[in-house]
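**Q** Structure in structure tokens, see below.
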Amino acid sequence: MEPVRIIQPLLALVLSPLLFGIINRTKAFFAGRKGQPLFQTYFDLWKLLHKGVVYSKTTGWVFKAGPIINLSAIFLITFFIPLGHSRAVFFFDGDIFLVIYLFALIRFFMILAALDTGSSFEGMGASREAQFSALTEPAIFLALAALACGTGKLSLSEILVSITSRFWLANISIILFVAATLIIVLLTENARIPVDDPNTHLELTMIHEVMVLDSSGPDFAFIVLASALKLWIFAALFVGVLVPDIGFGFWLNLAIGVSAVFVVSVVVGIIESCIARLKLLFVPHFIFVATVFAVLAMVFVLRK
Amino acid sequence: MFYFSIQIFLVGIFLIFFGGVLSLLFGRKRNLSIFLGTLGAVSGSILGLAPAIKVLLTGGKESFYLNWTIPFGAFFVEIDTLSAFFLLCIFILSIITAIYGSRYLLEYKNKSLAKAIFFFNVLVSSMALVVVSANGILFLICWEVMSIASFFLVTFEDEHKHVRQAGIVYLVATHIGTAFLLVMFILLGKESNSLDFDKFAAVKLLPISTASFIFILSVIGFGTKAGLVPFHVWLPEAHPAAPSHVSALMSGVMIKTGIYGIIRVLTFLPMPPVWWGWLLIIIGAVSGIIGVLFALAQHDIKRLLAYHSVENIGIITMGLGLGVVGINSGNQILAILGFGGAILHVLNHALFKGLLFLGAGSIVCATGTREIDELGGLGKNMFVTSITFLIGAVAICGIPPLNGFISEFLIYTGSFNCLFTKQLNLAVQSIIIIGSLALIGGLALACFTKVYGIVFLGELRSRHAVNVKESHKMMLIPMIVLSALCAFIGLFSSVVLRMLNHCIAEISGIEVDVVSLQLLPLCRVLTKISFSAFCLFAAIIVLLIVRRKLLSAGKVNIAATWDCGYAKPDAKMQYTASSFAQPLVDTFKMILRTSKKTEQIKNLFPLNGQFESSTPEVSRDYLFDPIFKGVYSLLGRLRWLQQGNIQLYILYIALTLIILIIWKLR
């Protein structure tokens, strides 16, 4: 293992809160506002880390464990996510499954933490989270299966390294379908419009934000940082698929990767500015579209 | 060595049975009866474990032959690596559930317990004999004893009407299954003119049509016991009716004897054609998805767990299907991963499903109800139960770092390998497996967050959960042991997988050396997964320390859950299990057909509002009920034969005999 690759998770840890700032500035630009500072999430994190917490007397250890498991598992996942077409810190055949199931671990404990408060709000959010994520699971698996089958590799790092410009051009249809699946999954999993609205806590239609309604202080800081990292991870995957390796070497590739991740957050901001949130009943249809894209990608792989 | 020979195994079986008989003899003295029965079961199982482990680790066979007067019958038992593996599952879970049961049964006040203990021990010994018998007649006898013993355990609380009904459903289902097995063994025996398993070599030369017929008979016959859709109708009835430690044993290992049967028959049959793999994969995928969907819609915790057994049997069957496809296409790694994943999942499911049923038993003991929606907040009073149940729930969802993940990992890796062949046939099969495993994983997560969140977290929901006490330590220790085993397999999976080399080789018919060579890269991967798990633990510990440092100076306040300023929040306002599952249940309403009864709230000062939902078994209502009604009305026309006159019946018998003799003389 080259020690320099450790820079990937560290970059994720340091830069990911910036993504929220970029999205918010983009939305502000579209709304004709000035918007909050680019580094607002860092200020929020700093503030939250130094605040006290309020625990409900209903809650027990599960409520406190949720944010900690969330952040530690997501940080572990960043070690498996390659950026800029070099291998990640950890990789092995089948790390795809570990990564996806680590997300499941996080979801499991975040849902339980929400239910631990005994509040209907959190229960409702948890229920929707369970529903939507159950439906996204086949989509993401089939999309990655299409990529794995196309490249003949079983590890996330190896797959993304294999997406050279030649592969990209030869398999453009697969790439586009997988990217379409990934962007839908990105929006769903990261609580973005059109599935969820990250800006409001209290509406009964919300999902992720309402699940963490009772979290405060350092616990909430962990959750915010974890969701920033999660957005980073999905954006990095999306970028890794959509932007081929042009062969610039480690550092330049990394720089391209990081800037592409920022571009993704601008795109997310644009999507959020242009589309209204879907009715909750229609969200499953939206996710089924992702599954259909993944299956189409698979069909194109097998047609070869 | 004598201590590891089959004689020791037989002594163990005898001890288990003898313990049961003793407990029947001393039935009047509750404590003595329980003690003797449990002692027999535990000591016998430990004795039986020794040869099983020896065979599993070193390969080879241990056999014992005794002639019988029954035509074609022989007391022929043989422990090969496949039997040894199933023996391992059976004995481990038997020891644990027997100890748990010794305390759990005491909860039944004013009821004679001797029957439950006797049949428990008979069930354990017959299960062990089923997986070692190497003669068709002996197999069927043990199979029948196993079914009858479990029937009496299911109907232990026969004073309740629903328990008696569940018992009848089980009895009918299991005998229909056995009927198929009977035909299957006749076909197998006809070819080789013997029912000893080691003489079935002639079966290998059967034409593929006959072999396929035998295979289908075995899938139906054994599938009924295993609980494959649509033959699973008895599972959701029988498991909730039985005492919890029996449900754990039945769901954990008894239904796996069906899987054992399918694997065993596969080893007799010639090279499988590709459609066998298709059949297993599709039945597996359907069972998995249907099982988890119905589980999601249930309100009764044990019924829910029973449906999860259907789901896991589905996963195991998909693994078997993958293995069959691997053998058919000559793809060794595929066969190894498919069969390896399937049998590892057999062991894993025995552990975590046993754990979950024992946990459910602990809940039922403490609260007296199985209704999830009436419980809540049990985690505060039942700490050990809640932690162990959580471990079981994480494991069954296939989430790392526990054991469920490892077996699903093998099946996933196998199906991705299958995909890489880029043959359309294989690729479509692997897409079915990948898609359904992913969906099952997501739905199982929804289901177990529902169970755990509603039962153990939040606030008490009804009078049942008041003054709840943690269960006795004789019930807690078995649960702790099972959770530790789940964690062990999850964290040291490469060690465990290496122990299964011989067994995988036996099933797939590949040399042991080749198997271990093929598994070498996989073991390396599993080591890395374990390493990642330890990294995760390290990260959690670091964060815990950070959090403690940050919250050091009295910064923790306790308040009520935020209630939007509403003055009187009530425990009834919490989300319930039904509301939690509702979005998913509605998404799949085409399959589930949940019926809802609502009494809307009317007027300004409403009197009553009511909501009720139930999800009955679809395949029972739409498939078996019509068939049974049809058969009933057809046979009704033959009622004139039944005059109730014994002389007439003797005449019937005599006539039949004469007809048979004439037919034979022809």
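Identifiers in this document derive from the order of the structure tokens: chains are assigned A, B, ..., residues are numbered from 1 separately in each chain, and ligands are numbered from 1 in order of occurrence.
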Check every residue of chain A for an atom within 7 Å of chain B, counting only C-alpha atoms, and provide those that qualify as a PyMOL selection string.
**A** chain A and resi 49-50+52-59+68-69+72-73+76+92-94+97+101-102+104-105+108+111-112+115-120+123-124+127+130-131+133-135+137-138+141-142+149+152+214+218+302
**Q** Residues near segment 189-199 of chain A, anyone? I mean within 9 Å using only C-alpha atoms, not counting same-chain ones fewer than 6 positions away, as a list in words.
**A**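 Near segment 189-199 of chain A, the qualifying residues are Glu129, Phe132, Ser133, Thr136, Thr205, Met206, Ile207, His208, Glu209, Ser227, Ala228, Lys230, Leu231, Phe234, Val268, Ile271, Glu272, Ser273, Ile275, Ala276, Arg277, Leu278, Lys279, Leu280, Val283 and Phe286 of chain A.
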**Q** Between A:Val299, A:Ile223, A:Ile175, A:Leu156, which is the closest to Pro17 of chain A once you count only C-alpha atoms?
**A**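 Among the listed residues, the smallest separation from Pro17 of chain A belongs to A:Ile223.
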**Q** To one decimal place, how far is atom CA of Ser216 of chain A from atom CA of Leu19 of chain A in Å?
**A**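 Going from atom CA of Ser216 of chain A over to atom CA of Leu19 of chain A covers 21.7 Å.
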**Q** What lies within 9 Å of Phe90 of chain A using only C-alpha atoms, ignoring chain neighbours under 2 positions off, as a list in words?
**A**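 The residues satisfying every condition are Met1, Phe79, Phe80, Ile81, Arg87, Ala88, Phe92, Asp95 and Ser157 of chain A; Lys528 and Ser532 of chain B.
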**Q** Take the residues that were just selected and, keeping C-alpha atoms, output them as a tab-separated table (two decimals), in the first residue's frame.
**A**
chain	number	residue	atom	x	y	z
A	1	MET	CA	0.00	0.00	0.00
A	79	PHE	CA	-11.13	4.26	3.09
A	80	PHE	CA	-12.68	2.08	0.39
A	81	ILE	CA	-13.69	4.89	-1.95
A	87	ARG	CA	-6.81	2.70	-5.75
A	88	ALA	CA	-8.33	3.44	-2.37
A	92	PHE	CA	-10.11	-6.36	-2.00
A	95	ASP	CA	-15.35	-4.77	-1.02
A	157	SER	CA	-11.04	0.47	-6.61
B	528	LYS	CA	-9.48	-8.31	5.40
B	532	SER	CA	-12.12	-3.78	8.66
**Q** Do a neighbour search on Ala505 of chain B at 12 Å with only C-alpha atoms, toss out local chain neighbours closer than 2 positions, and write the hits as a PyMOL selection string.
**A** chain B and resi 56+59-60+80-82+267+323+327+332-333+335-340+343+498-503+507-519
**Q** List the spatial neighbours of segment 485-491 of chain B as number ranges by chain - criterion: any atom at most 9 Å away, only C-alpha atoms, same-chain residues fewer than 3 positions off excluded.
**A** B: 348, 351-352, 391-392, 395, 400-406, 480-482, 494-497, 526-527, 529-531, 533-534
**Q** Which of these, A:Leu213, A:Leu98, A:Leu254, A:Ile22, has the shortest distance to Glu122 of chain A once you count only C-alpha atoms?
**A**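 Closest to Glu122 of chain A, using only C-alpha atoms: A:Leu213.
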**Q** Kindly give the distance, in Å, that separates atom CA of Phe91 of chain A and atom CA of Val241 of chain A, rounded to a single decimal.
**A** 17.0 Å
**Q** Within 12 Å of Leu169 of chain A, counting only C-alpha atoms, which residues show up once you throw out same-chain ones fewer than 4 positions away? Write them as a CSV table (one decimal) with C-alpha atoms, in the first residue's frame, please.
**A**
chain,number,residue,atom,x,y,z
A,163,ILE,CA,-12.6,3.0,-16.4
A,164,THR,CA,-10.0,4.4,-18.8
A,165,SER,CA,-11.0,6.7,-21.6
A,173,SER,CA,-24.2,3.4,-22.9
A,174,ILE,CA,-23.4,1.4,-19.8
A,175,ILE,CA,-21.6,4.3,-18.2
A,176,LEU,CA,-24.5,6.7,-18.8
A,242,LEU,CA,-18.7,9.4,-15.2
A,243,VAL,CA,-15.2,10.9,-15.6
A,244,PRO,CA,-12.8,8.5,-17.2
A,245,ASP,CA,-9.1,8.2,-16.3
A,246,ILE,CA,-7.3,10.3,-18.9
**Q** Based on the backbone DSSP call, show me all residues of segment 23-236 of chain A assigned strand (DSSP E or B), as an NGL selection string.
**A** :A and (53-56 or 164)
**Q** Would you put the residues from that selection into a file with C-alpha atoms, as a PDB file, in the first residue's frame?
**A**
ATOM      1  CA  VAL A  53     -26.617  17.887  24.778  1.00  0.00           C
ATOM      2  CA  VAL A  54     -30.213  17.346  25.777  1.00  0.00           C
ATOM      3  CA  TYR A  55     -31.311  13.759  26.049  1.00  0.00           C
ATOM      4  CA  SER A  56     -34.906  12.703  26.245  1.00  0.00           C
ATOM      5  CA  THR A 164     -10.041   4.410 -18.755  1.00  0.00           C
TER       6      THR A 164
END
**Q** Going by DSSP on the backbone, which bits of segment 110-259 of chain A are alpha helix (DSSP H)? Write them as JSON, numbers by chain, please.
**A** {"A": [110, 111, 112, 113, 114, 115, 116, 120, 121, 122, 123, 124, 125, 126, 127, 128, 129, 130, 131, 132, 133, 134, 135, 136, 137, 138, 139, 140, 141, 142, 143, 144, 145, 146, 147, 148, 149, 150, 151, 156, 157, 158, 159, 160, 161, 162, 165, 166, 167, 168, 169, 170, 172, 173, 174, 175, 176, 177, 178, 179, 180, 181, 182, 183, 184, 185, 186, 187, 188, 189, 208, 209, 210, 211, 217, 218, 219, 220, 221, 222, 223, 224, 225, 226, 227, 228, 229, 230, 231, 232, 233, 234, 235, 236, 237, 238, 239, 240, 241, 242, 250, 251, 252, 253, 254, 255, 256, 257, 258, 259]}
**Q** Can you tell me which residues surround Leu266 of chain B at a distance of at most 12 Å, considering only C-alpha atoms, apart from same-chain residues fewer than 2 positions away, and format the answer as a short mmCIF file (atom, residue, chain, number, x, y, z; two decimals) with C-alpha atoms, in the first residue's frame?
**A**
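part-v5.cif written:
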data_model
loop_
_atom_site.label_atom_id
_atom_site.label_comp_id
_atom_site.auth_asym_id
_atom_site.auth_seq_id
_atom_site.Cartn_x
_atom_site.Cartn_y
_atom_site.Cartn_z
CA LEU B 188 -34.10 -44.58 -5.95
CA PHE B 200 -27.09 -45.97 -4.93
CA VAL B 203 -28.66 -44.03 -9.70
CA LYS B 204 -25.80 -42.06 -11.22
CA ALA B 211 -33.40 -38.26 -12.33
CA SER B 212 -35.30 -35.01 -12.82
CA ILE B 214 -36.61 -37.81 -8.43
CA PHE B 215 -35.16 -34.34 -8.00
CA ILE B 216 -38.58 -32.68 -8.19
CA LEU B 217 -39.99 -35.16 -5.69
CA SER B 218 -37.15 -34.33 -3.33
CA VAL B 219 -37.66 -30.58 -3.75
CA ILE B 259 -32.05 -28.72 3.12
CA TYR B 260 -29.92 -31.68 4.15
CA GLY B 261 -32.27 -33.97 2.26
CA ILE B 262 -32.08 -31.94 -0.94
CA ILE B 263 -28.27 -31.85 -0.76
CA ARG B 264 -28.07 -35.57 -0.01
CA PHE B 268 -26.90 -39.43 -5.47
CA LEU B 269 -28.13 -38.06 -8.76
CA PRO B 270 -26.20 -37.81 -12.02
CA MET B 271 -24.77 -34.54 -13.34
CA PRO B 272 -27.55 -31.97 -12.88
CA PRO B 273 -28.98 -30.30 -15.98
CA TRP B 276 -32.35 -27.73 -11.79
CA GLY B 277 -30.26 -24.73 -10.93
CA LEU B 280 -33.67 -23.86 -7.09
CA LEU B 320 -27.65 -24.35 -3.55
CA GLY B 321 -28.98 -23.33 -6.96
CA GLY B 323 -23.78 -24.49 -6.64
CA VAL B 324 -25.79 -26.70 -8.99
CA ILE B 327 -21.38 -28.10 -11.19
CA PHE B 339 -22.57 -24.60 -1.74
CA GLU B 506 -18.20 -33.71 -0.39
CA ILE B 507 -21.22 -31.81 -1.68
CA SER B 508 -19.66 -30.45 -4.85
CA GLY B 509 -17.74 -33.59 -5.65
#
